[in-house]
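These notes are about the structure you will find just below.
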Amino acid sequence: MTDARPRDGHDDGSNENESPEALPEGLARRLFDACPVGTVVIDSAGSVAFANERASEALGLPREEIVGRPFDPSEWAVSYDDGTPVPVDDHPVTRVFETGTPQFGFEHWIELPNGAERWFSSNAAPLFDESGGVEYAVVAFEDVTSLKRREKRLTSDHVRLLEFRTDESAVPPSIRVDDGETRIEIDSVVSLPDGTTVQYMGTSDLAASDFVTAVEEVPHYLDVRLLSSVGGHNRVEAHSESETVAHVFSSLGGRPREIVVAPDEVRFRGELPGDVDHRKAADGIRRFHDTVELVSEELVYSPSLLYDIVADALTDRQLATLDAAYFSGYFDTPRSSTGDELADRFGVTRQTFNQHLRKAEQTVFQHLFEKSGADAD
C-alpha cells in the first residue's frame with residue numbers, strides 16, 4: 001500500500017502498472033474527508049497536519065484553525081472525567097510517537113470554543129516512514145456525550161428536588177393572586193425537530209378558558225390547545241418557539257414539576273439528576289428571570305431503572321414521539337390528540353409518525369415482558 005498520508009490531487013486512473021494493493025492517487029485524502037468520524041493527523045513536531053470535515057464539526061472550528069495547531073491537551077482544554085487536566089505525557093498521541101503502538105479507547109472531556117463541554121472517545125495509531133520511525137499519528141474520535149449522560153443517569157439512583165423563587169412578573173397578570181395559590185403542573189416538555197418545544201401542563205385552580213388565555217399571554221408561546229377538562233382538572237398543550245423555564249430542567253436531564261403562583265411571588269419546582277449541581281438550573285432560569293433564587297433543595301432516593309433502560313434503548317425521535325403521544329392524550333379514550341395532529345407537530349407524515357410510535361412501543365414492551373440475558377438462563 002502506498003503512503004497513507006493525506007495529500008491533494010485526484011485519481012485519473014492513468015497508472016495501469018499500479019499494483020492492486022496500492023491506493024490510487026488522491027484516494028487517501030478523499031477517504032479521510034469521507035470518514036464518518038472526526039479524524040486528525042499529527043506530525044512528528046506535534047502539530048495538526050490534517051483535519052477532516054467531521055473533525056471540524058465536532059471541534060467547532062474551521063479546518064484552517066485546526067491545521068497547524070499543537071495537539072498539546074492544554075491547548076484544547078482536555079480533561080479526565082473528574083475535571084483533572086490530561087498531562088501531555090499521558091495523551092495517546094504522545095504514547096503513539098514514543099511506543100509506535102496504537103492506543104485505543106481514550107475518553108475525555110474537551111471544552112469547545114463556545115464553552116460547551118463534550119465527551120470524546122478516541123483511538124490513535126502510527127504511520128511509519130520508510131526507515132520505520134513514526135512520522136504521523138492518526139487520531140479518530142467521536143462525540144459520545146449523549147452516551148455519557150445516559151450512563152450517568154443509569155448509575156445515579158438519587159434525584160435533586162429543587163424549588164426556585166422569583167417575583168410575580170414571571171407570570172401573566174391574569175393569573176397573579178392576592179391570596180391563596182395557583183398551581184400549574186408540568187407534565188412534560190418535548191423538543192421538536194424544528195427546534196421548538198411542546199409543553200404539556202395541567203391545573204385544577206383555573207377554569208379551562210382562563211387557563212388557555214393565561215398561557216396565550218406568555219410571549220414565547222406560538223399556540224395553545226385545550227386537551228381535556230375532566231372533573232375540574234384542565235390540561236393544555238402549549239407550543240413554544242423558544243426555550244422555557246420548564247425546558248431548563250429537561251435540558252439538564254431532569255424534569256420540571258410545577259409552577260406555583262402565590263401573592264407577590266412565583267415558585268418553580270423541578271428535579272435534576274443527583275449528580276447535577278443546582279447552580280446549573282439557577283443559571284438557566286436567570287436567562288428568563290434574573291431575580292430568581294434557590295428556596296429549597298432535597299436529595300432523595302428515587303430509582304427509575306426501567307425508564308432509564310427504555311430511554312437508553314430508544315432513539316431521541318422515538319422517545320419524543322412516545323412522550324408527546326402519552327402526554328397529549330393520544331392513548332386516552334376518547335383521544336385528546338389524533339395521530340394527524342401529532343404528526344403535524346413533528347413535521348412528518350402520519351405514516352412516519354406511526355412508524356416511530358410503533359417502534360417505541362415495541363421497545364417498551366420488549367423490556368417489560370421479555371427476560372433479560374441474566375434472567376433467561
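So you can find residues: chains in the C-alpha cells are A, B, ... in the order shown, residues in each start at 1, and ligands are numbered from 1 in order.
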Would you pick out the contacts of A:Asp179 at 10 Å or less, using only C-alpha atoms, so that residues sharing its chain but fewer than 5 positions from it are not included, and give the list as a ChimeraX atom specification?
/A:261-264
Taking the DSSP secondary structure from the backbone, can you list the residues of stretch 255-367 of chain A that are alpha helix (DSSP H), as a ChimeraX atom specification?
/A:278-286,305-313,316-327,339-346,350-367
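Of the listed residues A:Ser47, A:Ser251, A:Thr196, A:Thr84, the one whose atoms come nearest to A:Arg69 is A:Ser47, with distances taken using only C-alpha atoms.
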What's the 6 Å shell around stretch 40-43 of chain A, counting only C-alpha atoms, without same-chain residues fewer than 2 positions away, as a PyMOL selection string?
chain A and resi 45-51+136-139
Selected residues, all heavy atoms, written as a CSV table (one decimal), in the first residue's frame, please.
```csv
chain,number,residue,atom,x,y,z
A,45,ALA,N,6.3,16.9,14.8
A,45,ALA,CA,6.6,18.1,15.6
A,45,ALA,C,5.5,18.4,16.6
A,45,ALA,O,5.6,19.3,17.4
A,45,ALA,CB,6.8,19.3,14.6
A,46,GLY,N,4.4,17.6,16.5
A,46,GLY,CA,3.3,17.8,17.5
A,46,GLY,C,2.3,18.7,17.0
A,46,GLY,O,1.5,19.2,17.8
A,47,SER,N,2.2,19.0,15.7
A,47,SER,CA,1.2,19.9,15.2
A,47,SER,C,0.2,19.1,14.3
A,47,SER,O,0.5,18.1,13.8
A,47,SER,CB,1.8,21.0,14.4
A,47,SER,OG,2.7,21.8,15.2
A,48,VAL,N,-1.0,19.7,14.2
A,48,VAL,CA,-2.0,19.1,13.4
A,48,VAL,C,-1.7,19.3,11.9
A,48,VAL,O,-1.6,20.5,11.5
A,48,VAL,CB,-3.4,19.6,13.7
A,48,VAL,CG1,-4.5,19.0,12.8
A,48,VAL,CG2,-3.8,19.4,15.2
A,49,ALA,N,-1.5,18.2,11.2
A,49,ALA,CA,-1.2,18.4,9.7
A,49,ALA,C,-2.4,18.3,8.9
A,49,ALA,O,-2.4,18.8,7.7
A,49,ALA,CB,-0.2,17.3,9.3
A,50,PHE,N,-3.5,17.7,9.4
A,50,PHE,CA,-4.7,17.5,8.6
A,50,PHE,C,-5.8,17.3,9.5
A,50,PHE,O,-5.7,16.7,10.6
A,50,PHE,CB,-4.5,16.3,7.6
A,50,PHE,CG,-5.8,16.0,6.9
A,50,PHE,CD1,-6.2,16.7,5.8
A,50,PHE,CD2,-6.6,14.9,7.3
A,50,PHE,CE1,-7.3,16.4,5.1
A,50,PHE,CE2,-7.8,14.6,6.7
A,50,PHE,CZ,-8.1,15.3,5.5
A,51,ALA,N,-7.0,17.8,9.1
A,51,ALA,CA,-8.3,17.5,9.8
A,51,ALA,C,-9.4,17.4,8.8
A,51,ALA,O,-9.4,18.2,7.8
A,51,ALA,CB,-8.6,18.6,10.8
A,136,TYR,N,3.8,10.1,11.5
A,136,TYR,CA,2.5,10.7,11.8
A,136,TYR,C,1.7,9.9,12.8
A,136,TYR,O,1.9,8.7,12.9
A,136,TYR,CB,1.6,10.9,10.6
A,136,TYR,CG,2.2,11.9,9.6
A,136,TYR,CD1,2.8,11.4,8.4
A,136,TYR,CD2,2.0,13.3,9.7
A,136,TYR,CE1,3.3,12.3,7.5
A,136,TYR,CE2,2.4,14.1,8.7
A,136,TYR,CZ,3.1,13.6,7.6
A,136,TYR,OH,3.6,14.5,6.7
A,137,ALA,N,0.8,10.5,13.6
A,137,ALA,CA,-0.1,9.8,14.4
A,137,ALA,C,-1.5,10.2,13.9
A,137,ALA,O,-1.8,11.4,13.7
A,137,ALA,CB,0.0,10.2,15.9
A,138,VAL,N,-2.3,9.2,13.6
A,138,VAL,CA,-3.7,9.4,13.1
A,138,VAL,C,-4.6,9.2,14.3
A,138,VAL,O,-4.6,8.2,15.0
A,138,VAL,CB,-4.0,8.4,12.0
A,138,VAL,CG1,-5.5,8.7,11.5
A,138,VAL,CG2,-3.1,8.6,10.8
A,139,VAL,N,-5.5,10.2,14.5
A,139,VAL,CA,-6.4,10.2,15.7
A,139,VAL,C,-7.8,10.2,15.1
A,139,VAL,O,-8.2,11.2,14.4
A,139,VAL,CB,-6.2,11.3,16.7
A,139,VAL,CG1,-7.1,11.2,17.8
A,139,VAL,CG2,-4.7,11.4,17.1
```
What's around stretch 113-128 of chain A at 10 Å? Count only C-alpha atoms, leave out sequence neighbours fewer than 4 positions away in its own chain, and write the answer as a ChimeraX atom specification.
/A:3-5,37-43,58-61,76-81,91-97,99-109,132-149
